[in-house]
>>> print(open('protein_4.csv').read())   # CSV, C-alpha atoms and all ligand atoms
chain,number,residue,atom,x,y,z
G,26,MET,CA,-20.0,-7.3,19.3
G,27,ASP,CA,-18.9,-10.3,17.0
G,28,VAL,CA,-17.2,-9.8,13.7
G,29,ILE,CA,-20.4,-10.3,11.7
G,30,GLU,CA,-22.2,-7.6,13.7
G,31,MET,CA,-19.1,-5.4,13.2
G,32,LEU,CA,-19.3,-6.0,9.4
G,33,LYS,CA,-22.9,-5.0,9.3
G,34,LEU,CA,-22.2,-1.9,11.3
G,35,ASN,CA,-19.3,-0.9,9.0
G,36,VAL,CA,-21.4,-1.5,5.9
G,37,LEU,CA,-24.0,0.9,7.4
G,38,GLN,CA,-21.2,3.4,8.0
G,39,GLY,CA,-20.0,2.9,4.4
G,40,ARG,CA,-16.4,2.2,5.6
G,41,ARG,CA,-14.2,0.2,3.2
G,42,ASN,CA,-11.2,0.1,5.5
G,43,ARG,CA,-9.6,1.7,8.5
G,44,TYR,CA,-8.8,4.9,6.6
G,45,ASP,CA,-12.5,5.8,6.0
G,46,ASP,CA,-14.2,8.1,8.4
G,47,GLY,CA,-17.7,6.7,8.3
G,48,LEU,CA,-21.0,8.6,8.5
G,49,GLU,CA,-20.6,9.1,12.2
G,50,ASP,CA,-17.6,10.4,14.1
G,51,GLY,CA,-15.1,8.2,15.9
G,52,TYR,CA,-14.5,5.4,13.4
G,53,TYR,CA,-11.2,6.6,11.8
G,54,GLY,CA,-8.4,4.1,12.4
G,55,GLN,CA,-10.7,1.2,13.5
G,56,PRO,CA,-11.1,-1.8,11.2
G,57,GLY,CA,-13.4,-1.3,8.3
G,58,VAL,CA,-15.1,-3.9,6.0
G,59,GLU,CA,-11.9,-5.0,4.3
G,60,GLU,CA,-10.0,-5.8,7.6
G,61,LEU,CA,-13.1,-7.3,9.1
G,62,VAL,CA,-13.6,-9.7,6.2
G,63,TYR,CA,-10.0,-11.0,6.7
G,64,THR,CA,-10.7,-11.3,10.4
G,65,ALA,CA,-13.9,-13.3,9.8
G,66,LEU,CA,-12.0,-15.6,7.4
G,67,GLU,CA,-9.2,-16.1,10.0
G,68,GLN,CA,-11.9,-17.0,12.5
G,69,GLY,CA,-13.1,-19.7,10.2
G,70,ILE,CA,-16.5,-18.1,9.5
G,71,SER,CA,-17.9,-19.3,6.1
G,72,VAL,CA,-17.9,-17.2,3.0
G,73,GLN,CA,-21.7,-17.7,2.9
G,74,ASP,CA,-22.2,-16.3,6.4
G,75,ILE,CA,-19.9,-13.3,5.7
G,76,LEU,CA,-21.9,-12.6,2.5
G,77,VAL,CA,-25.4,-13.2,3.7
G,78,ARG,CA,-25.4,-12.5,7.4
G,79,GLY,CA,-22.8,-9.7,7.3
G,80,LEU,CA,-22.7,-7.9,4.0
G,81,GLY,CA,-26.2,-8.7,2.6
G,82,SER,CA,-28.0,-8.1,5.8
G,83,GLY,CA,-26.1,-4.8,6.2
G,84,MET,CA,-27.2,-3.7,2.7
G,85,GLU,CA,-30.8,-4.7,3.5
G,86,GLU,CA,-30.7,-2.4,6.5
G,87,VAL,CA,-29.2,0.4,4.3
G,88,GLY,CA,-32.3,-0.1,2.0
G,89,ARG,CA,-34.6,0.2,5.0
G,90,LYS,CA,-32.9,3.4,6.1
G,91,TYR,CA,-33.1,4.8,2.5
G,92,ASP,CA,-36.9,4.0,2.5
G,93,ARG,CA,-37.3,5.8,5.9
G,94,LYS,CA,-35.3,8.7,4.4
G,95,GLU,CA,-32.6,8.4,7.0
G,96,TYR,CA,-30.1,7.6,4.2
G,97,PHE,CA,-29.6,9.3,0.8
G,98,ILE,CA,-27.9,8.2,-2.4
G,99,PRO,CA,-24.3,9.1,-1.3
G,100,ASP,CA,-24.9,6.9,1.8
G,101,MET,CA,-26.1,4.0,-0.3
G,102,LEU,CA,-23.2,4.4,-2.6
G,103,ALA,CA,-20.6,4.4,0.2
G,104,ALA,CA,-22.2,1.2,1.6
G,105,ALA,CA,-22.3,-0.4,-1.8
G,106,GLU,CA,-18.6,0.4,-2.4
G,107,ALA,CA,-17.7,-1.2,0.9
G,108,VAL,CA,-19.7,-4.3,0.0
G,109,GLY,CA,-18.3,-4.4,-3.5
G,110,MET,CA,-14.7,-4.4,-2.2
G,111,ALA,CA,-15.5,-7.1,0.3
G,112,VAL,CA,-17.0,-9.3,-2.5
G,113,GLU,CA,-13.7,-9.0,-4.4
G,114,VAL,CA,-11.7,-10.1,-1.3
G,115,LEU,CA,-14.1,-13.0,-0.8
G,116,GLU,CA,-14.2,-14.3,-4.4
G,117,PRO,CA,-10.9,-16.2,-4.5
G,118,HIS,CA,-11.8,-17.9,-1.2
G,119,PHE,CA,-14.9,-19.4,-2.8
G,120,GLN,CA,-13.5,-21.0,-5.9
G,121,ARG,CA,-13.5,-24.8,-5.8
G,122,GLU,CA,-12.1,-25.4,-9.3
G,123,GLN,CA,-12.5,-29.2,-9.0
G,124,PHE,CA,-16.3,-29.0,-8.6
G,125,ARG,CA,-17.0,-26.9,-11.6
G,126,GLY,CA,-18.8,-29.7,-13.4
G,127,LYS,CA,-22.4,-28.7,-12.7
G,128,GLY,CA,-22.8,-26.6,-15.9
G,129,LYS,CA,-22.5,-23.0,-17.1
G,130,PHE,CA,-24.6,-20.3,-15.6
G,131,VAL,CA,-24.8,-17.0,-17.4
G,132,LEU,CA,-25.6,-14.1,-15.1
G,133,ALA,CA,-26.5,-10.5,-15.7
G,134,THR,CA,-28.2,-7.4,-14.4
G,135,VAL,CA,-30.7,-6.4,-17.1
G,136,GLU,CA,-30.6,-3.3,-19.3
G,137,LYS,CA,-30.7,0.2,-17.7
G,138,ASP,CA,-30.1,-1.3,-14.2
G,139,GLN,CA,-26.9,-0.7,-12.3
G,140,HIS,CA,-27.5,-2.6,-9.1
G,141,ASP,CA,-25.1,-5.5,-8.8
G,142,ILE,CA,-24.6,-6.3,-5.1
G,143,GLY,CA,-27.3,-9.0,-5.0
G,144,LYS,CA,-26.2,-10.4,-8.4
G,145,ASN,CA,-22.6,-10.6,-7.3
G,146,ILE,CA,-23.6,-12.4,-4.1
G,147,VAL,CA,-25.6,-14.9,-6.2
G,148,GLY,CA,-22.7,-15.3,-8.6
G,149,ILE,CA,-20.2,-16.2,-5.8
G,150,MET,CA,-22.6,-18.6,-4.1
G,151,ILE,CA,-23.4,-20.4,-7.3
G,152,LYS,CA,-19.7,-20.6,-8.2
G,153,GLY,CA,-19.1,-22.1,-4.8
G,154,ALA,CA,-21.8,-24.6,-5.4
G,155,GLY,CA,-20.0,-25.9,-8.4
G,156,PHE,CA,-21.3,-24.0,-11.4
G,157,GLN,CA,-19.2,-22.2,-14.0
G,158,VAL,CA,-20.4,-18.6,-13.8
G,159,ARG,CA,-20.2,-16.2,-16.7
G,160,ASP,CA,-21.1,-12.8,-15.2
G,161,LEU,CA,-21.9,-10.2,-17.9
G,162,GLY,CA,-22.1,-7.4,-15.4
G,163,ILE,CA,-24.7,-4.6,-15.2
G,164,ASP,CA,-26.9,-2.8,-17.7
G,165,VAL,CA,-26.7,-5.7,-20.2
G,166,PRO,CA,-29.1,-5.6,-23.2
G,167,ALA,CA,-31.2,-8.7,-23.9
G,168,GLU,CA,-29.4,-9.3,-27.2
G,169,ARG,CA,-26.0,-9.7,-25.5
G,170,ILE,CA,-27.4,-12.0,-22.8
G,171,VAL,CA,-29.1,-14.3,-25.4
G,172,GLU,CA,-26.0,-14.3,-27.6
G,173,THR,CA,-23.9,-15.4,-24.7
G,174,VAL,CA,-26.3,-18.2,-23.7
G,175,ILE,CA,-26.2,-19.4,-27.3
G,176,GLN,CA,-22.5,-19.2,-27.7
G,177,GLU,CA,-21.7,-20.8,-24.4
G,178,GLU,CA,-24.5,-23.4,-24.7
G,179,ALA,CA,-25.4,-22.5,-21.2
G,180,PRO,CA,-28.1,-24.6,-19.5
G,181,PHE,CA,-28.8,-21.9,-16.9
G,182,LEU,CA,-29.4,-18.1,-17.0
G,183,GLY,CA,-29.9,-15.8,-14.1
G,184,LEU,CA,-31.3,-12.3,-14.5
G,185,SER,CA,-31.3,-9.6,-11.8
G,186,ALA,CA,-33.4,-6.4,-11.7
G,187,LEU,CA,-33.8,-4.0,-8.8
G,188,LEU,CA,-36.0,-1.4,-10.4
G,189,ASP,CA,-39.7,-1.5,-11.3
G,190,THR,CA,-38.7,0.1,-14.6
G,191,THR,CA,-36.1,-2.5,-15.6
G,192,MET,CA,-38.1,-5.7,-14.8
G,193,LYS,CA,-39.6,-5.5,-18.3
G,194,TYR,CA,-36.2,-6.3,-19.7
G,195,MET,CA,-36.4,-9.7,-18.1
G,196,ALA,CA,-39.5,-10.3,-20.1
G,197,GLU,CA,-37.8,-9.0,-23.2
G,198,THR,CA,-34.9,-11.4,-22.6
G,199,VAL,CA,-37.2,-14.4,-22.2
G,200,GLU,CA,-39.1,-13.4,-25.4
G,201,LEU,CA,-35.8,-13.1,-27.3
G,202,LEU,CA,-34.8,-16.6,-26.2
G,203,GLU,CA,-38.1,-17.8,-27.7
G,204,LYS,CA,-37.5,-15.9,-30.9
G,205,LYS,CA,-34.1,-17.4,-31.3
G,206,ASN,CA,-35.5,-20.8,-30.7
G,207,VAL,CA,-33.4,-21.6,-27.7
G,208,ARG,CA,-35.9,-21.1,-24.9
G,209,HIS,CA,-36.2,-24.9,-24.4
G,210,LYS,CA,-32.5,-25.2,-23.9
G,211,VAL,CA,-32.0,-23.0,-20.9
G,212,LYS,CA,-33.6,-22.7,-17.4
G,213,VAL,CA,-34.2,-19.0,-16.5
G,214,LEU,CA,-33.9,-17.9,-12.9
G,215,VAL,CA,-35.0,-14.4,-12.0
G,216,GLY,CA,-34.4,-12.4,-8.8
G,217,GLY,CA,-34.0,-8.9,-7.2
G,218,ALA,CA,-36.0,-6.9,-4.7
G,219,PRO,CA,-39.1,-5.9,-6.9
G,220,VAL,CA,-39.3,-9.3,-8.6
G,221,THR,CA,-42.0,-11.8,-7.4
G,222,ARG,CA,-43.0,-15.4,-8.1
G,223,GLU,CA,-46.1,-14.1,-9.9
G,224,PHE,CA,-44.0,-11.9,-12.1
G,225,ALA,CA,-41.6,-14.8,-12.9
G,226,GLU,CA,-44.6,-16.9,-13.9
G,227,LYS,CA,-46.1,-14.2,-15.9
G,228,ILE,CA,-43.0,-13.7,-18.1
G,229,GLY,CA,-42.4,-17.4,-18.4
G,230,ALA,CA,-39.2,-17.7,-16.3
G,231,ASP,CA,-38.5,-21.1,-14.8
G,232,ALA,CA,-37.9,-19.9,-11.3
G,233,TYR,CA,-38.0,-17.0,-8.9
G,234,CYS,CA,-35.4,-17.0,-6.2
G,235,LYS,CA,-35.7,-14.7,-3.2
G,236,ASP,CA,-32.1,-14.9,-2.3
G,237,ALA,CA,-28.8,-16.6,-3.2
G,238,PHE,CA,-29.5,-19.7,-1.0
G,239,ALA,CA,-32.8,-20.2,-2.8
G,240,ALA,CA,-30.9,-19.9,-6.2
G,241,VAL,CA,-28.4,-22.7,-5.2
G,242,GLU,CA,-31.3,-24.9,-4.0
G,243,GLN,CA,-33.3,-24.3,-7.1
G,244,LEU,CA,-30.3,-25.2,-9.4
G,245,ASP,CA,-29.7,-28.4,-7.5
G,246,LYS,CA,-33.4,-29.3,-8.0
G,247,PHE,CA,-33.0,-28.8,-11.7
G,248,ILE,CA,-29.9,-31.0,-11.8
G,249,GLN,CA,-31.5,-33.7,-9.7
G,250,ALA,CA,-34.4,-33.6,-12.2
G,251,GLY,CA,-31.9,-34.4,-14.9
G,252,TRP,CA,-31.3,-31.0,-16.3
G,253,ALA,CA,-27.6,-30.1,-17.0
G,254,ASN,CA,-24.9,-29.3,-19.4
G,255,GLY,CA,-26.9,-28.1,-22.4
G,256,CYS,CA,-30.0,-30.4,-22.3
U,1,LIG,C1,-27.5,0.0,-3.1
U,1,LIG,C2,-28.6,0.6,-3.8
U,1,LIG,C3,-28.2,1.4,-4.9
U,1,LIG,C4,-26.8,1.6,-5.4
U,1,LIG,C5,-26.4,0.4,-6.2
U,1,LIG,C6,-24.9,0.1,-6.1
U,1,LIG,C7,-24.6,-1.3,-6.6
U,1,LIG,N1,-23.3,-1.4,-7.0
U,1,LIG,O1,-25.4,-2.2,-6.7
U,1,LIG,C8,-26.9,3.0,-6.2
U,1,LIG,C9,-26.7,4.1,-5.3
U,1,LIG,C10,-26.0,3.1,-7.4
U,1,LIG,C11,-28.4,2.9,-6.5
U,1,LIG,C12,-28.9,3.7,-7.6
U,1,LIG,C13,-30.3,3.8,-7.8
U,1,LIG,N2,-31.3,3.2,-7.1
U,1,LIG,CO1,-31.0,1.9,-5.7
U,1,LIG,N3,-30.9,0.9,-4.2
U,1,LIG,C14,-30.0,0.3,-3.5
U,1,LIG,C15,-30.5,-0.4,-2.3
U,1,LIG,C16,-30.4,0.5,-1.1
U,1,LIG,C17,-29.9,-1.7,-1.9
U,1,LIG,C18,-29.8,-2.8,-3.0
U,1,LIG,C19,-29.0,-3.9,-2.5
U,1,LIG,O2,-27.8,-4.0,-2.8
U,1,LIG,N4,-29.6,-4.8,-1.7
U,1,LIG,C20,-28.8,-5.9,-1.0
U,1,LIG,C21,-28.7,-7.1,-1.9
U,1,LIG,C22,-28.0,-8.2,-1.1
U,1,LIG,O3,-30.1,-7.6,-2.0
U,1,LIG,P1,-30.7,-7.8,-3.5
U,1,LIG,O4,-30.1,-6.9,-4.5
U,1,LIG,O5,-32.2,-7.7,-3.3
U,1,LIG,O6,-30.3,-9.3,-3.9
U,1,LIG,C23,-30.7,-10.5,-3.3
U,1,LIG,C24,-32.0,-11.0,-3.8
U,1,LIG,O7,-32.9,-10.0,-4.3
U,1,LIG,C25,-31.6,-12.1,-4.8
U,1,LIG,N5,-31.3,-11.7,-6.2
U,1,LIG,C26,-30.9,-10.5,-6.7
U,1,LIG,N6,-30.6,-10.6,-8.0
U,1,LIG,C27,-30.8,-11.9,-8.3
U,1,LIG,C28,-30.6,-12.6,-9.5
U,1,LIG,C29,-30.9,-14.0,-9.6
U,1,LIG,C30,-30.6,-14.7,-10.9
U,1,LIG,C31,-31.3,-14.7,-8.4
U,1,LIG,C32,-31.6,-16.1,-8.5
U,1,LIG,C33,-31.5,-14.0,-7.2
U,1,LIG,C34,-31.2,-12.6,-7.2
U,1,LIG,O8,-30.5,-12.6,-4.2
U,1,LIG,C35,-29.7,-11.5,-3.7
U,1,LIG,C36,-28.8,-12.0,-2.6
U,1,LIG,O9,-29.5,-12.7,-1.6
U,1,LIG,C37,-32.0,-0.6,-2.7
U,1,LIG,C38,-33.0,-0.7,-1.6
U,1,LIG,C39,-33.6,-2.1,-1.5
U,1,LIG,N7,-34.5,-2.2,-0.5
U,1,LIG,O10,-33.4,-3.0,-2.2
U,1,LIG,C40,-32.2,0.6,-3.6
U,1,LIG,C41,-33.3,0.6,-4.7
U,1,LIG,C42,-33.3,-0.7,-5.4
U,1,LIG,N8,-32.9,1.7,-5.6
U,1,LIG,C43,-33.8,2.4,-6.0
U,1,LIG,C44,-33.7,3.5,-6.9
U,1,LIG,C45,-35.0,4.3,-7.3
U,1,LIG,C46,-32.4,3.8,-7.5
U,1,LIG,C47,-32.2,5.0,-8.4
U,1,LIG,C48,-33.2,5.2,-9.5
U,1,LIG,C49,-32.0,6.3,-7.6
U,1,LIG,C50,-31.8,7.6,-8.3
U,1,LIG,N9,-32.8,8.4,-8.2
U,1,LIG,O11,-30.8,7.7,-9.0
U,1,LIG,C51,-30.8,4.6,-9.0
U,1,LIG,C52,-30.9,3.8,-10.3
U,1,LIG,C53,-29.6,3.5,-10.9
U,1,LIG,C54,-29.7,2.4,-12.0
U,1,LIG,N10,-30.0,2.9,-13.2
U,1,LIG,O12,-29.7,1.2,-11.7
U,1,LIG,C55,-35.2,1.9,-5.5
U,1,LIG,C56,-36.0,1.1,-6.6
U,1,LIG,C57,-37.4,1.3,-6.5
U,1,LIG,C58,-38.1,0.5,-7.5
U,1,LIG,N11,-38.9,-0.5,-6.9
U,1,LIG,O13,-38.0,0.6,-8.7
U,1,LIG,C59,-34.8,1.1,-4.3
U,1,LIG,C60,-35.7,-0.1,-3.9
U,1,LIG,C61,-34.7,2.1,-3.1
U,1,LIG,C62,-36.1,2.7,-2.8
U,1,LIG,N12,-36.8,2.1,-1.8
U,1,LIG,O14,-36.6,3.6,-3.4
U,1,LIG,N13,-29.1,2.1,-5.7
>>> encode(input="protein_4.csv", output="structure tokens")
Amino acid sequence: MDVIEMLKLNVLQGRRNRYDDGLEDGYYGQPGVEELVYTALEQGISVQDILVRGLGSGMEEVGRKYDRKEYFIPDMLAAAEAVGMAVEVLEPHFQREQFRGKGKFVLATVEKDQHDIGKNIVGIMIKGAGFQVRDLGIDVPAERIVETVIQEEAPFLGLSALLDTTMKYMAETVELLEKKNVRHKVKVLVGGAPVTREFAEKIGADAYCKDAFAAVEQLDKFIQAGWANGC
């Protein structure tokens, strides 16, 4: 099994490091997600591959298991913690300070939503692509998001929602941008498992992105079209 497969397996087992037991017996003492991330980096595997093919794909499988009622909330939490820790280890490896010139990107998980794994992956990838990311975290009210966009004069905003019940706060945020008369100054990207292209269009967002790669591609398209740095 290669290191990416082992990463996926250890996300599924919810093992942060070698001292975690895992959901099944027999793992204690073996490398967990933290050690495997270091091994992958040593092997020259890219941060994108570690994030998307290893951690992201492991979390997607966790989601499927939860849907099939094979996993429950504590299992999801253990997996999420393992991924969260790996993301922290990876972050410094994906900072290319010299290429930060593509513009500011404000990023947030909307109000009443605490899911942040996908958002964090998007944040790291966008940072790596040369944007200056201002991550406001989870459960962020529309007022705070819009205030930050205005203060930072950010040309890009990314909103994440993982719950049917919180998608409406994306719409609220876009409406507030209109109300404050700054909607024309910022491109709004939306994403998260329940979000669709149709929903994005309906609420007047500029783009729906199915994953972090799509987000980077979309941002580059905006820039090629002449949109950057507070247009
Ligand atoms: C992990 C998880 C949790 C963890 C979250 C931990 C964390 N730190 O994030 C915990 C255990 C806390 C949790 C809690 C809950 N969860 Co939950 N959770 C999940 C799970 C299993 C995985 C989500 C995930 O991390 N996916 C992996 C990442 C990599 O994928 P992603 O988030 O989709 O992100 C990618 C893209 O969507 C996109 N993207 C995401 N955001 C953005 C933003 C932008 C700007 C862009 C461009 C792109 C983009 O790019 C990302 C990377 O490629 C999903 C199942 C699923 N199928 O999604 C359920 C799921 C989202 N949860 C669900 C539910 C119901 C809950 C709870 C209400 C459960 C409960 N009864 O308490 C609570 C709600 C808590 C809250 N208020 O937010 C439901 C939502 C159902 C719905 N449609 O509304 C799901 C779908 C499970 C299910 N099938 O029922 N959850």
>>> residues_around(input="protein_4.csv", residues="Phe156 (chain G)", least_positions_apart="6", cutoff="7 Å", atoms="all atoms listed in the file", output="list in words")
Arg125, Gly126, Lys127, Gly128, Lys129 and Phe130 of chain G
>>> closest_residue(input="protein_4.csv", among="G:Val241, G:Leu48, G:Val174, G:Val28", to="Glu67 (chain G)", atoms="all atoms listed in the file")
G:Val28
>>> closest_residue(input="protein_4.csv", among="G:Val165, G:Val171, G:Val87, G:Leu182", to="Val135 (chain G)", atoms="only C-alpha atoms")
G:Val165
>>> residues_around(input="protein_4.csv", residues="region 140-154 of chain G", least_positions_apart="2", cutoff="8 Å", atoms="all atoms listed in the file", output="PDB file with C-alpha atoms, in the frame of the given file")
ATOM      1  CA  GLN G  73     -21.700 -17.700   2.900  1.00  0.00           C
ATOM      2  CA  LEU G  76     -21.900 -12.600   2.500  1.00  0.00           C
ATOM      3  CA  GLY G  81     -26.200  -8.700   2.600  1.00  0.00           C
ATOM      4  CA  ALA G 105     -22.300  -0.400  -1.800  1.00  0.00           C
ATOM      5  CA  VAL G 108     -19.700  -4.300   0.000  1.00  0.00           C
ATOM      6  CA  GLY G 109     -18.300  -4.400  -3.500  1.00  0.00           C
ATOM      7  CA  VAL G 112     -17.000  -9.300  -2.500  1.00  0.00           C
ATOM      8  CA  GLU G 116     -14.200 -14.300  -4.400  1.00  0.00           C
ATOM      9  CA  PHE G 119     -14.900 -19.400  -2.800  1.00  0.00           C
ATOM     10  CA  GLN G 120     -13.500 -21.000  -5.900  1.00  0.00           C
ATOM     11  CA  ARG G 121     -13.500 -24.800  -5.800  1.00  0.00           C
ATOM     12  CA  PHE G 124     -16.300 -29.000  -8.600  1.00  0.00           C
ATOM     13  CA  ARG G 125     -17.000 -26.900 -11.600  1.00  0.00           C
ATOM     14  CA  LEU G 132     -25.600 -14.100 -15.100  1.00  0.00           C
ATOM     15  CA  ALA G 133     -26.500 -10.500 -15.700  1.00  0.00           C
ATOM     16  CA  THR G 134     -28.200  -7.400 -14.400  1.00  0.00           C
ATOM     17  CA  ASP G 138     -30.100  -1.300 -14.200  1.00  0.00           C
ATOM     18  CA  PHE G 156     -21.300 -24.000 -11.400  1.00  0.00           C
ATOM     19  CA  GLN G 157     -19.200 -22.200 -14.000  1.00  0.00           C
ATOM     20  CA  VAL G 158     -20.400 -18.600 -13.800  1.00  0.00           C
ATOM     21  CA  ASP G 160     -21.100 -12.800 -15.200  1.00  0.00           C
ATOM     22  CA  GLY G 162     -22.100  -7.400 -15.400  1.00  0.00           C
ATOM     23  CA  ILE G 163     -24.700  -4.600 -15.200  1.00  0.00           C
ATOM     24  CA  SER G 185     -31.300  -9.600 -11.800  1.00  0.00           C
ATOM     25  CA  ALA G 186     -33.400  -6.400 -11.700  1.00  0.00           C
ATOM     26  CA  LEU G 187     -33.800  -4.000  -8.800  1.00  0.00           C
ATOM     27  CA  GLY G 217     -34.000  -8.900  -7.200  1.00  0.00           C
ATOM     28  CA  ASP G 236     -32.100 -14.900  -2.300  1.00  0.00           C
ATOM     29  CA  ALA G 237     -28.800 -16.600  -3.200  1.00  0.00           C
ATOM     30  CA  PHE G 238     -29.500 -19.700  -1.000  1.00  0.00           C
ATOM     31  CA  ALA G 240     -30.900 -19.900  -6.200  1.00  0.00           C
ATOM     32  CA  VAL G 241     -28.400 -22.700  -5.200  1.00  0.00           C
TER      33      VAL G 241
END
>>> atom_distance(input="protein_4.csv", atom1="CA of Leu202 (chain G)", atom2="CA of Ile175 (chain G)")
9.1 Å
>>> atom_distance(input="protein_4.csv", atom1="CA of Lys212 (chain G)", atom2="CA of Asp164 (chain G)")
21.0 Å
>>> atom_distance(input="protein_4.csv", atom1="atom C61 of ligand LIG 1 (chain U)", atom2="CA of Glu86 (chain G)")
11.3 Å
>>> closest_residue(input="protein_4.csv", among="G:Ser71, G:Gln55, G:Thr221, G:Asn206", to="ligand LIG 1 (chain U)", atoms="all atoms listed in the file")
G:Thr221
>>> closest_residue(input="protein_4.csv", among="G:Glu168, G:Ala111, G:Asp50, G:Glu226", to="Ala65 (chain G)", atoms="all atoms listed in the file")
G:Ala111
>>> closest_residue(input="protein_4.csv", among="G:Gly88, G:Pro166, G:Pro117, G:Gly79", to="Glu30 (chain G)", atoms="only C-alpha atoms")
G:Gly79
>>> residues_around(input="protein_4.csv", residues="Leu80 (chain G)", least_positions_apart="2", cutoff="9 Å", atoms="all atoms listed in the file", output="list in words")
Ile29, Leu32, Lys33, Val36, Val58, Asp74, Ile75, Leu76, Val77, Arg78, Ser82, Gly83, Met84, Glu85, Ala107, Val108, Ala111 and Val112 of chain G
>>> residues_around(input="protein_4.csv", residues="Ala230 (chain G)", least_positions_apart="5", cutoff="7 Å", atoms="only C-alpha atoms", output="list in words")
Val213, Leu214, Val215 and Ala225 of chain G
>>> closest_residue(input="protein_4.csv", among="G:Pro219, G:Gly155, G:Gly47, G:Pro56", to="ligand LIG 1 (chain U)", atoms="all atoms listed in the file")
G:Pro219
>>> residues_around(input="protein_4.csv", residues="Thr173 (chain G)", least_positions_apart="6", cutoff="9 Å", atoms="only C-alpha atoms", output="count of residues only")
4
>>> decode(input="protein_4.csv", residues="region 93-105 of chain G", atoms="N, CA and C atoms", output="short mmCIF file (atom, residue, chain, number, x, y, z; two decimals), in the first residue's frame")
data_model
loop_
_atom_site.label_atom_id
_atom_site.label_comp_id
_atom_site.auth_asym_id
_atom_site.auth_seq_id
_atom_site.Cartn_x
_atom_site.Cartn_y
_atom_site.Cartn_z
N ARG G 93 -24.26 5.56 4.91
CA ARG G 93 -24.69 4.14 4.98
C ARG G 93 -24.90 3.68 6.42
N LYS G 94 -24.75 4.61 7.36
CA LYS G 94 -24.89 4.33 8.79
C LYS G 94 -23.86 3.30 9.30
N GLU G 95 -22.70 3.29 8.63
CA GLU G 95 -21.60 2.45 9.14
C GLU G 95 -20.76 3.27 10.13
N TYR G 96 -20.79 4.61 9.95
CA TYR G 96 -20.08 5.51 10.84
C TYR G 96 -21.09 6.43 11.53
N PHE G 97 -20.71 6.89 12.74
CA PHE G 97 -21.58 7.81 13.47
C PHE G 97 -20.78 9.08 13.80
N ILE G 98 -21.43 10.01 14.48
CA ILE G 98 -20.78 11.32 14.68
C ILE G 98 -19.39 11.22 15.34
N PRO G 99 -19.20 10.42 16.37
CA PRO G 99 -17.84 10.36 16.95
C PRO G 99 -16.79 9.87 15.94
N ASP G 100 -17.22 9.00 15.03
CA ASP G 100 -16.27 8.51 14.01
C ASP G 100 -15.92 9.65 13.04
N MET G 101 -16.94 10.43 12.65
CA MET G 101 -16.70 11.58 11.76
C MET G 101 -15.76 12.56 12.43
N LEU G 102 -16.00 12.78 13.75
CA LEU G 102 -15.18 13.75 14.48
C LEU G 102 -13.73 13.31 14.54
N ALA G 103 -13.52 12.02 14.82
CA ALA G 103 -12.15 11.50 14.91
C ALA G 103 -11.44 11.68 13.57
N ALA G 104 -12.15 11.37 12.48
CA ALA G 104 -11.55 11.52 11.15
C ALA G 104 -11.26 13.00 10.88
N ALA G 105 -12.22 13.86 11.24
CA ALA G 105 -12.06 15.30 10.99
C ALA G 105 -10.87 15.85 11.78
#
